[in-house]
$ cat data.csv   # CSV, C-alpha atoms
chain,number,residue,atom,x,y,z
A,242,MET,CA,0.0,0.0,0.0
A,243,GLU,CA,2.9,2.3,0.7
A,244,GLN,CA,4.0,1.9,-2.9
A,245,ALA,CA,0.6,3.1,-4.2
A,246,GLU,CA,0.6,6.2,-2.0
A,247,LYS,CA,4.0,7.3,-3.4
A,248,HIS,CA,2.6,7.0,-6.9
A,249,PRO,CA,2.1,10.5,-8.3
A,250,SER,CA,-1.1,11.2,-10.3
A,251,TYR,CA,0.9,11.9,-13.5
A,252,LEU,CA,2.7,8.5,-13.3
A,253,GLN,CA,0.7,5.9,-15.2
A,254,HIS,CA,0.4,2.7,-13.2
A,255,HIS,CA,1.9,0.5,-15.8
A,256,PHE,CA,5.3,2.3,-15.5
A,257,ALA,CA,7.8,1.5,-12.7
A,258,ASP,CA,8.9,5.1,-12.3
A,259,MET,CA,9.1,8.5,-13.9
A,260,ALA,CA,12.4,7.8,-15.7
A,261,GLN,CA,10.8,4.8,-17.5
A,262,GLN,CA,7.7,6.7,-18.3
A,263,THR,CA,9.6,9.7,-19.7
A,264,ASP,CA,11.9,7.5,-21.8
A,265,ALA,CA,9.0,5.6,-23.2
A,266,ALA,CA,7.1,8.8,-24.1
A,267,LYS,CA,10.2,10.3,-25.8
A,268,LEU,CA,10.9,7.1,-27.7
A,269,GLY,CA,7.3,7.1,-29.0
A,270,MET,CA,7.7,10.8,-30.1
A,271,TRP,CA,11.0,10.0,-31.9
A,272,VAL,CA,9.4,7.1,-33.7
A,273,PHE,CA,6.6,9.6,-34.8
A,274,LEU,CA,9.2,12.1,-35.9
A,275,VAL,CA,10.8,9.3,-38.1
A,276,THR,CA,7.5,8.9,-39.9
A,277,GLU,CA,7.4,12.7,-40.3
A,278,VAL,CA,10.9,12.7,-41.9
A,279,LEU,CA,9.8,10.0,-44.3
A,280,LEU,CA,6.5,11.8,-45.1
A,281,PHE,CA,8.5,14.9,-46.1
A,282,GLY,CA,11.1,12.6,-47.6
A,283,GLY,CA,8.7,11.7,-50.4
A,284,LEU,CA,8.4,15.4,-51.2
A,285,PHE,CA,12.2,15.9,-51.0
A,286,GLY,CA,12.4,13.1,-53.6
A,287,PHE,CA,9.8,14.9,-55.7
A,288,TYR,CA,12.1,18.0,-55.6
A,289,THR,CA,15.3,16.1,-56.2
A,290,PHE,CA,14.1,14.1,-59.2
A,291,PHE,CA,12.5,17.0,-61.0
A,292,ARG,CA,15.4,19.3,-60.3
A,293,ALA,CA,17.7,16.6,-61.8
A,294,TRP,CA,15.6,16.6,-64.9
A,295,TYR,CA,15.0,20.3,-65.3
A,296,PRO,CA,18.0,22.2,-63.7
A,297,GLU,CA,17.6,25.3,-65.9
A,298,MET,CA,13.9,25.5,-65.2
A,299,PHE,CA,14.5,25.3,-61.4
A,300,MET,CA,17.2,28.0,-61.7
A,301,GLU,CA,14.9,30.3,-63.6
A,302,ALA,CA,11.7,29.7,-61.6
A,303,HIS,CA,13.2,30.0,-58.2
A,304,LYS,CA,14.1,33.7,-58.9
A,305,TYR,CA,10.4,34.4,-58.5
A,306,LEU,CA,10.5,33.5,-54.8
A,307,ASP,CA,11.2,36.3,-52.4
A,308,VAL,CA,14.6,35.7,-50.7
A,309,THR,CA,14.0,38.5,-48.2
A,310,MET,CA,10.8,37.0,-47.0
A,311,GLY,CA,12.3,33.5,-47.0
A,312,THR,CA,15.3,34.7,-45.0
A,313,THR,CA,13.1,36.6,-42.5
A,314,ASN,CA,11.0,33.5,-42.0
A,315,THR,CA,14.1,31.4,-41.3
A,316,PHE,CA,15.2,33.9,-38.6
A,317,VAL,CA,11.6,33.9,-37.2
A,318,LEU,CA,11.4,30.1,-37.1
A,319,ILE,CA,14.9,29.7,-35.4
A,320,THR,CA,13.8,32.3,-32.8
A,321,SER,CA,10.6,30.3,-32.2
A,322,SER,CA,12.7,27.2,-31.7
A,323,LEU,CA,14.9,29.1,-29.2
A,324,THR,CA,11.8,30.3,-27.2
A,325,MET,CA,10.4,26.7,-27.2
A,326,ALA,CA,13.7,25.3,-25.8
A,327,LEU,CA,13.7,28.0,-23.2
A,328,ALA,CA,10.1,27.3,-22.2
A,329,ILE,CA,11.1,23.7,-21.5
A,330,ARG,CA,14.2,24.9,-19.5
A,331,ALA,CA,12.0,27.3,-17.5
A,332,MET,CA,9.7,24.4,-16.5
A,333,GLN,CA,12.7,22.2,-15.6
A,334,LEU,CA,13.4,25.0,-13.1
A,335,GLY,CA,9.8,25.2,-12.0
A,336,LYS,CA,9.3,28.7,-13.3
A,337,LYS,CA,5.7,28.6,-14.4
A,338,LYS,CA,5.3,32.2,-15.5
A,339,GLN,CA,8.4,32.1,-17.6
A,340,THR,CA,7.3,28.9,-19.2
A,341,ILE,CA,4.0,30.5,-20.2
A,342,ALA,CA,5.7,33.6,-21.5
A,343,TYR,CA,8.2,31.6,-23.6
A,344,LEU,CA,5.3,29.5,-25.0
A,345,ALA,CA,3.4,32.6,-25.9
A,346,GLY,CA,6.5,33.9,-27.6
A,347,THR,CA,6.8,30.7,-29.6
A,348,LEU,CA,3.1,31.1,-30.6
A,349,PHE,CA,3.8,34.7,-31.6
A,350,PHE,CA,6.8,33.8,-33.9
A,351,ALA,CA,4.8,31.0,-35.4
A,352,ALA,CA,2.0,33.5,-36.2
A,353,VAL,CA,4.6,35.9,-37.8
A,354,PHE,CA,5.9,33.0,-39.9
A,355,LEU,CA,2.4,32.3,-41.2
A,356,VAL,CA,1.6,36.0,-41.9
A,357,ILE,CA,4.8,36.3,-44.0
A,358,LYS,CA,3.9,33.0,-45.8
A,359,TYR,CA,0.4,34.5,-46.5
A,360,PHE,CA,1.9,37.5,-48.2
A,361,GLU,CA,4.2,35.2,-50.3
A,362,TYR,CA,1.3,33.0,-51.3
A,363,SER,CA,-1.1,35.7,-52.2
A,364,HIS,CA,1.5,37.4,-54.4
A,365,LYS,CA,2.0,34.1,-56.3
A,366,PHE,CA,-1.8,33.5,-56.5
A,367,HIS,CA,-2.1,36.9,-58.0
A,368,MET,CA,0.7,36.3,-60.6
A,369,GLY,CA,-0.8,32.9,-61.6
A,370,MET,CA,2.2,31.0,-60.3
A,371,LEU,CA,0.1,28.1,-59.1
A,372,PRO,CA,0.8,24.4,-59.0
A,373,GLY,CA,0.1,22.0,-61.9
A,374,LYS,CA,-2.8,22.8,-64.3
A,375,PHE,CA,-3.7,26.0,-62.5
A,376,TYR,CA,-0.4,27.6,-63.6
A,377,THR,CA,-1.0,30.7,-65.8
A,378,PHE,CA,2.2,32.8,-65.4
A,379,GLU,CA,4.0,33.5,-68.7
A,380,GLY,CA,7.3,35.1,-67.5
A,381,ILE,CA,9.3,31.8,-67.4
A,382,GLN,CA,10.7,30.5,-70.7
A,383,ALA,CA,12.1,27.2,-69.6
A,384,ALA,CA,9.9,24.1,-70.0
A,385,ASN,CA,7.5,22.9,-67.3
A,386,PRO,CA,7.8,25.8,-64.8
A,387,HIS,CA,4.5,24.8,-63.2
A,388,ILE,CA,6.4,21.8,-61.8
A,389,PHE,CA,8.6,24.0,-59.7
A,390,PHE,CA,5.5,25.7,-58.2
A,391,SER,CA,3.9,22.3,-57.6
A,392,VAL,CA,7.0,21.4,-55.6
A,393,TYR,CA,7.0,24.8,-53.9
A,394,PHE,CA,3.3,24.7,-52.8
A,395,THR,CA,3.2,21.1,-51.7
A,396,MET,CA,6.4,21.3,-49.6
A,397,THR,CA,5.8,24.7,-48.0
A,398,GLY,CA,2.1,23.9,-47.8
A,399,LEU,CA,2.6,20.7,-45.8
A,400,HIS,CA,5.2,22.5,-43.7
A,401,GLY,CA,2.6,25.3,-43.1
A,402,ILE,CA,0.0,22.8,-42.0
A,403,HIS,CA,2.6,21.5,-39.5
A,404,VAL,CA,3.1,25.0,-38.2
A,405,ILE,CA,-0.6,25.4,-37.6
A,406,ILE,CA,-0.9,22.0,-35.9
A,407,GLY,CA,2.2,23.0,-33.8
A,408,MET,CA,0.4,26.2,-32.7
A,409,ILE,CA,-2.6,24.3,-31.6
A,410,ILE,CA,-0.5,21.9,-29.5
A,411,ILE,CA,1.5,24.7,-28.0
A,412,THR,CA,-1.7,26.5,-27.0
A,413,TRP,CA,-2.9,23.2,-25.4
A,414,VAL,CA,0.3,22.8,-23.3
A,415,MET,CA,0.2,26.5,-22.4
A,416,ILE,CA,-3.3,26.1,-21.0
A,417,ARG,CA,-2.2,23.0,-19.1
A,418,THR,CA,0.7,24.9,-17.7
A,419,MET,CA,-1.7,27.7,-16.5
A,420,ARG,CA,-3.7,24.9,-14.8
A,421,ASP,CA,-0.6,23.9,-12.8
A,422,GLU,CA,-0.5,20.5,-14.4
A,423,PHE,CA,3.3,20.6,-14.9
A,424,SER,CA,6.3,20.7,-12.5
A,425,PRO,CA,10.0,20.0,-12.7
A,426,GLU,CA,9.1,16.3,-12.0
A,427,TYR,CA,6.5,16.1,-14.8
A,428,TYR,CA,6.7,18.3,-17.9
A,429,ASN,CA,6.7,15.6,-20.6
A,430,PRO,CA,4.0,17.0,-22.8
A,431,ILE,CA,5.9,20.3,-23.1
A,432,GLU,CA,9.1,18.5,-24.0
A,433,LEU,CA,7.4,16.3,-26.7
A,434,THR,CA,5.7,19.4,-28.1
A,435,GLY,CA,9.2,20.9,-28.2
A,436,LEU,CA,10.5,17.9,-30.2
A,437,TYR,CA,7.7,18.3,-32.7
A,438,TRP,CA,8.3,22.1,-33.0
A,439,HIS,CA,12.0,21.7,-33.5
A,440,LEU,CA,11.4,19.1,-36.3
A,441,VAL,CA,9.2,21.7,-38.0
A,442,ASP,CA,12.1,24.1,-37.8
A,443,LEU,CA,14.6,21.4,-39.0
A,444,ILE,CA,12.5,20.7,-42.1
A,445,TRP,CA,12.4,24.5,-42.9
A,446,ILE,CA,16.2,24.6,-42.5
A,447,PHE,CA,16.4,22.3,-45.6
A,448,LEU,CA,13.4,23.8,-47.5
A,449,PHE,CA,14.8,27.3,-47.4
A,450,PRO,CA,18.1,26.8,-49.3
A,451,LEU,CA,16.5,24.2,-51.6
A,452,LEU,CA,13.7,26.5,-52.7
A,453,TYR,CA,14.9,30.1,-52.3
A,454,LEU,CA,18.7,29.8,-52.7
A,455,ILE,CA,19.3,27.6,-55.8
A,456,GLY,CA,22.1,29.9,-56.8
B,90,MET,CA,13.9,7.2,-4.1
B,91,GLU,CA,17.2,6.8,-5.8
B,92,GLN,CA,15.5,6.1,-9.1
B,93,HIS,CA,13.6,9.3,-8.9
B,94,ASN,CA,16.8,11.2,-9.3
B,95,THR,CA,17.3,9.9,-12.8
B,96,ALA,CA,14.0,11.5,-13.7
B,97,THR,CA,15.0,14.9,-12.5
B,98,PRO,CA,15.7,17.1,-15.5
B,99,HIS,CA,19.2,17.8,-16.9
B,100,VAL,CA,19.1,21.6,-17.1
B,101,LEU,CA,21.4,23.1,-19.7
B,102,PRO,CA,22.9,26.6,-19.1
B,103,LEU,CA,21.1,29.5,-20.6
B,104,SER,CA,24.2,30.6,-22.5
B,105,LEU,CA,24.3,27.4,-24.4
B,106,TYR,CA,20.8,28.0,-25.9
B,107,PHE,CA,21.8,31.5,-26.9
B,108,THR,CA,25.1,30.4,-28.4
B,109,VAL,CA,23.3,27.7,-30.5
B,110,ALA,CA,20.7,30.2,-31.7
B,111,GLY,CA,23.4,32.8,-32.5
B,112,THR,CA,25.3,30.2,-34.5
B,113,LEU,CA,22.1,29.3,-36.4
B,114,PHE,CA,21.6,33.0,-37.2
B,115,VAL,CA,25.2,33.4,-38.5
B,116,LEU,CA,25.0,30.2,-40.6
B,117,THR,CA,21.7,31.5,-42.1
B,118,GLY,CA,23.4,34.7,-43.0
B,119,ILE,CA,26.3,32.8,-44.6
B,120,THR,CA,24.1,30.5,-46.6
B,121,VAL,CA,22.2,33.5,-48.0
B,122,ALA,CA,25.4,35.4,-48.8
B,123,VAL,CA,27.0,32.4,-50.5
B,124,SER,CA,23.9,31.8,-52.7
B,125,PHE,CA,24.7,35.1,-54.5
B,126,VAL,CA,28.1,33.9,-55.4
B,127,HIS,CA,28.0,31.4,-58.3
B,128,PHE,CA,30.1,28.3,-57.9
B,129,GLY,CA,27.9,26.3,-60.3
B,130,GLU,CA,27.6,22.7,-59.0
B,131,PHE,CA,29.2,23.7,-55.6
B,132,ASN,CA,26.3,26.0,-54.6
B,133,ILE,CA,24.0,23.1,-53.8
B,134,ILE,CA,26.8,21.3,-51.9
B,135,VAL,CA,27.7,24.3,-49.8
B,136,ALA,CA,24.0,25.0,-49.1
B,137,MET,CA,23.3,21.4,-48.0
B,138,LEU,CA,26.5,21.3,-45.9
B,139,ILE,CA,25.4,24.5,-44.0
B,140,ALA,CA,21.8,23.2,-43.7
B,141,THR,CA,23.1,19.9,-42.3
B,142,ILE,CA,25.3,21.7,-39.7
B,143,LYS,CA,22.3,23.8,-38.7
B,144,ALA,CA,20.0,20.8,-38.5
B,145,SER,CA,22.6,19.0,-36.3
B,146,LEU,CA,22.8,21.9,-33.9
B,147,VAL,CA,19.0,21.9,-33.6
B,148,ALA,CA,18.8,18.2,-33.0
B,149,LEU,CA,21.8,17.9,-30.6
B,150,TYR,CA,21.0,20.9,-28.4
B,151,PHE,CA,17.4,22.1,-28.8
B,152,MET,CA,16.1,18.5,-29.1
B,153,HIS,CA,18.6,17.3,-26.4
B,154,LEU,CA,19.8,14.4,-28.5
B,155,LYS,CA,23.3,14.9,-27.2
B,156,TYR,CA,22.3,14.4,-23.6
B,157,ASP,CA,19.3,12.0,-23.9
B,158,ASN,CA,19.2,8.3,-24.3
B,159,LYS,CA,21.3,7.3,-27.3
B,160,LEU,CA,18.5,5.1,-28.5
B,161,PHE,CA,16.6,8.3,-29.6
B,162,MET,CA,19.6,9.3,-31.7
B,163,ALA,CA,19.8,5.8,-33.3
B,164,VAL,CA,16.0,5.9,-34.1
B,165,PHE,CA,16.3,9.4,-35.7
B,166,LEU,CA,19.4,8.5,-37.7
B,167,SER,CA,17.7,5.4,-39.0
B,168,SER,CA,15.1,7.7,-40.7
B,169,LEU,CA,17.9,9.6,-42.4
B,170,ILE,CA,19.6,6.3,-43.6
B,171,PHE,CA,16.3,5.1,-45.1
B,172,LEU,CA,15.7,8.5,-46.7
B,173,GLY,CA,19.2,8.4,-48.2
B,174,LEU,CA,18.5,4.9,-49.5
B,175,PHE,CA,15.2,6.0,-51.0
B,176,LEU,CA,16.7,9.1,-52.7
B,177,THR,CA,19.9,7.3,-54.0
B,178,LEU,CA,18.2,4.3,-55.4
B,179,THR,CA,15.6,6.4,-57.1
B,180,MET,CA,18.2,8.7,-58.5
B,181,THR,CA,19.9,5.8,-60.3
B,182,ASP,CA,16.7,5.5,-62.3
B,183,THR,CA,16.1,9.2,-62.7
B,184,MET,CA,19.6,10.0,-64.0
B,185,HIS,CA,19.8,7.1,-66.5
B,186,ARG,CA,16.3,6.7,-67.7
B,187,GLY,CA,17.2,7.9,-71.2
B,188,ASP,CA,20.3,5.8,-71.6
B,189,ILE,CA,18.7,2.9,-73.5
B,190,ASP,CA,15.6,4.6,-75.1
B,191,PRO,CA,16.3,8.3,-75.6
B,192,ILE,CA,13.6,10.6,-74.2
B,193,LYS,CA,12.9,14.1,-75.3
B,194,GLU,CA,11.9,17.0,-73.1
B,195,HIS,CA,8.2,17.7,-73.6
B,196,PRO,CA,5.3,19.2,-71.6
B,197,ILE,CA,4.5,16.7,-68.8
B,198,LYS,CA,1.0,17.9,-68.0
B,199,LYS,CA,-0.7,18.7,-71.3
B,200,GLU,CA,-4.0,19.8,-69.7
B,201,ALA,CA,-2.2,22.6,-67.9
B,202,ILE,CA,-3.7,26.0,-68.7
B,203,ILE,CA,-0.3,27.3,-70.1
B,204,TYR,CA,-0.4,24.8,-72.9
B,205,ASP,CA,-3.9,25.8,-74.1
B,206,LYS,CA,-2.5,28.7,-76.1

$ encode --input "data.csv" --output "C-alpha cells"
Amino acid sequence: MEQAEKHPSYLQHHFADMAQQTDAAKLGMWVFLVTEVLLFGGLFGFYTFFRAWYPEMFMEAHKYLDVTMGTTNTFVLITSSLTMALAIRAMQLGKKKQTIAYLAGTLFFAAVFLVIKYFEYSHKFHMGMLPGKFYTFEGIQAANPHIFFSVYFTMTGLHGIHVIIGMIIITWVMIRTMRDEFSPEYYNPIELTGLYWHLVDLIWIFLFPLLYLIG
Amino acid sequence: MEQHNTATPHVLPLSLYFTVAGTLFVLTGITVAVSFVHFGEFNIIVAMLIATIKASLVALYFMHLKYDNKLFMAVFLSSLIFLGLFLTLTMTDTMHRGDIDPIKEHPIKKEAIIYDK
C-alpha cells in the first residue's frame, strides 16, 4: 500500500517510475518524428528528381521566390525554436510564469511566420504561379515551370500545416501549464511538443536553401 | 527514491541555448550570402552542408539528442539512412532513364492552362 501512496497522479500505473515513463514517451515521439521525416522525404524526392531533370527551369523559376521574406521566416522560425527550448528549460526549473511567457513567444513567432507566408502565397496566386494545371504565369521561358510551383506549394504547404498543428498543440500545453499540471518532476507534454516544433524548424532549414537559394 | 533522481531534469545553461541560436543566425546569413556567389555545382553542396550543420545543432542541443538516451539518436538516424537509400536508389533511375531509349523534353502535364494557347 505504501507503494501506491507514493505513486504521483501523473505517473501511469503501468510504468515502474518517472524515468521509465519519460523515456518511453520520448521514444514514442521520436518514432513519430521518423514517420514525419519519411513523409517529407517523399516530397524531397519529388524535388530532387525533377530538379535533376530540369535544372535550368528550377534555376529560372526560383528567382520568383522572395529571398528577403524567406530569410526573414528562417530567422523567425529559429527564434521560435529558441523560445520553445527556453520554455522547457523554465519548466525544468519550475518557473511557471516564464514557461507561459516563452510558450506565448513561440506562438507569436509561429504566427509571424504564417503571416509572411500568407503574403508570399497571395503574391503568387495573384501572378498565376500556381501548381500544376492552374499555372498561368507567362514570364518563365524554360519548359514545365509549373512543376517548380507544384513542388513549392506542396512542400511549403505541408510545412505550413505542420506550423498550424504545432500552434494548436503549443496552445494546449500552455493552457495545461496555466492549470498547474506541470512541474520539474513532470513536464513531458511540453518536452514532446518541443521535439515536434524543432522538427518543423529542422525541415524548414532544408526547405529554405533548396527552394529560395538555388544559386 | 534513488531512481527518482534519474527523472529529475538535466538543465542546460542559458548561455548554451543563446550560443546555439546565435550560431544558427550566423549560418543562415552565410548561406544566403553564399547563394549570391555562383560556384555552379558547388552552390548546392555548400547550401546542403550548412543546412546539415544547422540541423545537427537543432537536433543535438534544442532537441537534447546529445544528452538524452542514445536510443533516440539511433532511431532518428535510421530515418535519415532510409531517406538516403530512397533518394539514392531512385536517382539511379532518374539520371539514367534515357540511356537505353532516348527521351525528349516535352510538356509533362498537357492539360495545364499554359499549354492551351

$ residues_around --input "data.csv" --residues "Thr434 in chain A" --least-positions-apart "2" --cutoff "9 Å" --atoms "all atoms listed in the file" --output "PyMOL selection string"
chain A and resi 325+407+410-411+414+429-432+436-439

$ closest_residue --input "data.csv" --among "A:Asn385, A:Thr313, A:Thr395, A:Ser250" --to "chain B" --atoms "all atoms listed in the file"
A:Asn385

$ interface_residues --input "data.csv" --of "chain A" --to "chain B" --cutoff "8 Å" --atoms "all atoms listed in the file" --output "mmCIF file with C-alpha atoms, in the coordinates of the input"
data_model
loop_
_atom_site.group_PDB
_atom_site.id
_atom_site.type_symbol
_atom_site.label_atom_id
_atom_site.label_comp_id
_atom_site.auth_asym_id
_atom_site.auth_seq_id
_atom_site.Cartn_x
_atom_site.Cartn_y
_atom_site.Cartn_z
ATOM 1 C CA ASP A 258 8.900 5.100 -12.300
ATOM 2 C CA MET A 259 9.100 8.500 -13.900
ATOM 3 C CA ALA A 260 12.400 7.800 -15.700
ATOM 4 C CA THR A 263 9.600 9.700 -19.700
ATOM 5 C CA ASP A 264 11.900 7.500 -21.800
ATOM 6 C CA LYS A 267 10.200 10.300 -25.800
ATOM 7 C CA LEU A 268 10.900 7.100 -27.700
ATOM 8 C CA TRP A 271 11.000 10.000 -31.900
ATOM 9 C CA VAL A 272 9.400 7.100 -33.700
ATOM 10 C CA LEU A 274 9.200 12.100 -35.900
ATOM 11 C CA VAL A 275 10.800 9.300 -38.100
ATOM 12 C CA THR A 276 7.500 8.900 -39.900
ATOM 13 C CA VAL A 278 10.900 12.700 -41.900
ATOM 14 C CA LEU A 279 9.800 10.000 -44.300
ATOM 15 C CA GLY A 282 11.100 12.600 -47.600
ATOM 16 C CA GLY A 286 12.400 13.100 -53.600
ATOM 17 C CA THR A 289 15.300 16.100 -56.200
ATOM 18 C CA PHE A 290 14.100 14.100 -59.200
ATOM 19 C CA ALA A 293 17.700 16.600 -61.800
ATOM 20 C CA TRP A 294 15.600 16.600 -64.900
ATOM 21 C CA THR A 312 15.300 34.700 -45.000
ATOM 22 C CA THR A 315 14.100 31.400 -41.300
ATOM 23 C CA PHE A 316 15.200 33.900 -38.600
ATOM 24 C CA ILE A 319 14.900 29.700 -35.400
ATOM 25 C CA THR A 320 13.800 32.300 -32.800
ATOM 26 C CA SER A 322 12.700 27.200 -31.700
ATOM 27 C CA LEU A 323 14.900 29.100 -29.200
ATOM 28 C CA ALA A 326 13.700 25.300 -25.800
ATOM 29 C CA LEU A 327 13.700 28.000 -23.200
ATOM 30 C CA ARG A 330 14.200 24.900 -19.500
ATOM 31 C CA GLN A 333 12.700 22.200 -15.600
ATOM 32 C CA LEU A 334 13.400 25.000 -13.100
ATOM 33 C CA GLY A 373 0.100 22.000 -61.900
ATOM 34 C CA LYS A 374 -2.800 22.800 -64.300
ATOM 35 C CA PHE A 375 -3.700 26.000 -62.500
ATOM 36 C CA TYR A 376 -0.400 27.600 -63.600
ATOM 37 C CA THR A 377 -1.000 30.700 -65.800
ATOM 38 C CA PHE A 378 2.200 32.800 -65.400
ATOM 39 C CA GLU A 379 4.000 33.500 -68.700
ATOM 40 C CA ALA A 384 9.900 24.100 -70.000
ATOM 41 C CA ASN A 385 7.500 22.900 -67.300
ATOM 42 C CA PRO A 425 10.000 20.000 -12.700
ATOM 43 C CA GLU A 426 9.100 16.300 -12.000
ATOM 44 C CA GLY A 435 9.200 20.900 -28.200
ATOM 45 C CA LEU A 436 10.500 17.900 -30.200
ATOM 46 C CA HIS A 439 12.000 21.700 -33.500
ATOM 47 C CA LEU A 443 14.600 21.400 -39.000
ATOM 48 C CA ILE A 446 16.200 24.600 -42.500
ATOM 49 C CA PHE A 447 16.400 22.300 -45.600
ATOM 50 C CA PRO A 450 18.100 26.800 -49.300
ATOM 51 C CA LEU A 451 16.500 24.200 -51.600
ATOM 52 C CA LEU A 454 18.700 29.800 -52.700
ATOM 53 C CA ILE A 455 19.300 27.600 -55.800
ATOM 54 C CA GLY A 456 22.100 29.900 -56.800
#

$ atom_distance --input "data.csv" --atom1 "CA of Phe366 in chain A" --atom2 "CA of Ile405 in chain A"
20.6 Å

$ atom_distance --input "data.csv" --atom1 "CA of Ala302 in chain A" --atom2 "CA of Tyr393 in chain A"
10.3 Å

$ atom_distance --input "data.csv" --atom1 "CA of Met419 in chain A" --atom2 "CA of Thr324 in chain A"
17.4 Å

$ decode --input "data.csv" --residues "range 286-307 of chain A" --atoms "N, CA and C atoms" --output "PDB file, in the first residue's frame"
ATOM      1  N   GLY A 286      12.098  13.906 -52.380  1.00  0.00           N
ATOM      2  CA  GLY A 286      12.356  13.114 -53.585  1.00  0.00           C
ATOM      3  C   GLY A 286      11.751  13.780 -54.807  1.00  0.00           C
ATOM      4  N   PHE A 287      10.494  14.198 -54.699  1.00  0.00           N
ATOM      5  CA  PHE A 287       9.783  14.946 -55.747  1.00  0.00           C
ATOM      6  C   PHE A 287      10.674  16.099 -56.225  1.00  0.00           C
ATOM      7  N   TYR A 288      11.207  16.845 -55.270  1.00  0.00           N
ATOM      8  CA  TYR A 288      12.098  17.975 -55.570  1.00  0.00           C
ATOM      9  C   TYR A 288      13.352  17.497 -56.300  1.00  0.00           C
ATOM     10  N   THR A 289      14.043  16.517 -55.702  1.00  0.00           N
ATOM     11  CA  THR A 289      15.342  16.066 -56.223  1.00  0.00           C
ATOM     12  C   THR A 289      15.227  15.542 -57.654  1.00  0.00           C
ATOM     13  N   PHE A 290      14.215  14.712 -57.901  1.00  0.00           N
ATOM     14  CA  PHE A 290      14.116  14.079 -59.217  1.00  0.00           C
ATOM     15  C   PHE A 290      13.790  15.112 -60.292  1.00  0.00           C
ATOM     16  N   PHE A 291      12.865  16.017 -60.000  1.00  0.00           N
ATOM     17  CA  PHE A 291      12.512  16.999 -61.027  1.00  0.00           C
ATOM     18  C   PHE A 291      13.601  18.049 -61.212  1.00  0.00           C
ATOM     19  N   ARG A 292      14.337  18.346 -60.132  1.00  0.00           N
ATOM     20  CA  ARG A 292      15.449  19.282 -60.302  1.00  0.00           C
ATOM     21  C   ARG A 292      16.548  18.633 -61.148  1.00  0.00           C
ATOM     22  N   ALA A 293      16.742  17.325 -60.986  1.00  0.00           N
ATOM     23  CA  ALA A 293      17.736  16.603 -61.790  1.00  0.00           C
ATOM     24  C   ALA A 293      17.339  16.623 -63.265  1.00  0.00           C
ATOM     25  N   TRP A 294      16.029  16.565 -63.545  1.00  0.00           N
ATOM     26  CA  TRP A 294      15.571  16.567 -64.934  1.00  0.00           C
ATOM     27  C   TRP A 294      15.554  17.959 -65.554  1.00  0.00           C
ATOM     28  N   TYR A 295      15.178  18.957 -64.749  1.00  0.00           N
ATOM     29  CA  TYR A 295      15.025  20.323 -65.284  1.00  0.00           C
ATOM     30  C   TYR A 295      15.840  21.346 -64.498  1.00  0.00           C
ATOM     31  N   PRO A 296      17.163  21.226 -64.483  1.00  0.00           N
ATOM     32  CA  PRO A 296      17.971  22.158 -63.666  1.00  0.00           C
ATOM     33  C   PRO A 296      17.811  23.618 -64.085  1.00  0.00           C
ATOM     34  N   GLU A 297      17.743  23.885 -65.400  1.00  0.00           N
ATOM     35  CA  GLU A 297      17.617  25.276 -65.861  1.00  0.00           C
ATOM     36  C   GLU A 297      16.272  25.867 -65.449  1.00  0.00           C
ATOM     37  N   MET A 298      15.214  25.044 -65.559  1.00  0.00           N
ATOM     38  CA  MET A 298      13.880  25.533 -65.181  1.00  0.00           C
ATOM     39  C   MET A 298      13.849  25.881 -63.687  1.00  0.00           C
ATOM     40  N   PHE A 299      14.441  25.036 -62.841  1.00  0.00           N
ATOM     41  CA  PHE A 299      14.482  25.310 -61.399  1.00  0.00           C
ATOM     42  C   PHE A 299      15.230  26.607 -61.137  1.00  0.00           C
ATOM     43  N   MET A 300      16.347  26.775 -61.861  1.00  0.00           N
ATOM     44  CA  MET A 300      17.166  27.968 -61.691  1.00  0.00           C
ATOM     45  C   MET A 300      16.371  29.224 -62.041  1.00  0.00           C
ATOM     46  N   GLU A 301      15.628  29.159 -63.158  1.00  0.00           N
ATOM     47  CA  GLU A 301      14.872  30.328 -63.611  1.00  0.00           C
ATOM     48  C   GLU A 301      13.649  30.584 -62.727  1.00  0.00           C
ATOM     49  N   ALA A 302      12.920  29.519 -62.388  1.00  0.00           N
ATOM     50  CA  ALA A 302      11.667  29.674 -61.637  1.00  0.00           C
ATOM     51  C   ALA A 302      11.919  30.136 -60.199  1.00  0.00           C
ATOM     52  N   HIS A 303      13.013  29.692 -59.588  1.00  0.00           N
ATOM     53  CA  HIS A 303      13.225  30.008 -58.164  1.00  0.00           C
ATOM     54  C   HIS A 303      13.467  31.500 -57.959  1.00  0.00           C
ATOM     55  N   LYS A 304      13.846  32.216 -59.051  1.00  0.00           N
ATOM     56  CA  LYS A 304      14.087  33.660 -58.922  1.00  0.00           C
ATOM     57  C   LYS A 304      12.804  34.419 -58.615  1.00  0.00           C
ATOM     58  N   TYR A 305      11.651  33.777 -58.804  1.00  0.00           N
ATOM     59  CA  TYR A 305      10.379  34.429 -58.489  1.00  0.00           C
ATOM     60  C   TYR A 305       9.975  34.243 -57.027  1.00  0.00           C
ATOM     61  N   LEU A 306      10.802  33.539 -56.242  1.00  0.00           N
ATOM     62  CA  LEU A 306      10.544  33.469 -54.799  1.00  0.00           C
ATOM     63  C   LEU A 306      11.255  34.646 -54.142  1.00  0.00           C
ATOM     64  N   ASP A 307      10.638  35.161 -53.073  1.00  0.00           N
ATOM     65  CA  ASP A 307      11.179  36.341 -52.394  1.00  0.00           C
ATOM     66  C   ASP A 307      12.209  35.924 -51.336  1.00  0.00           C
TER      67      ASP A 307
END
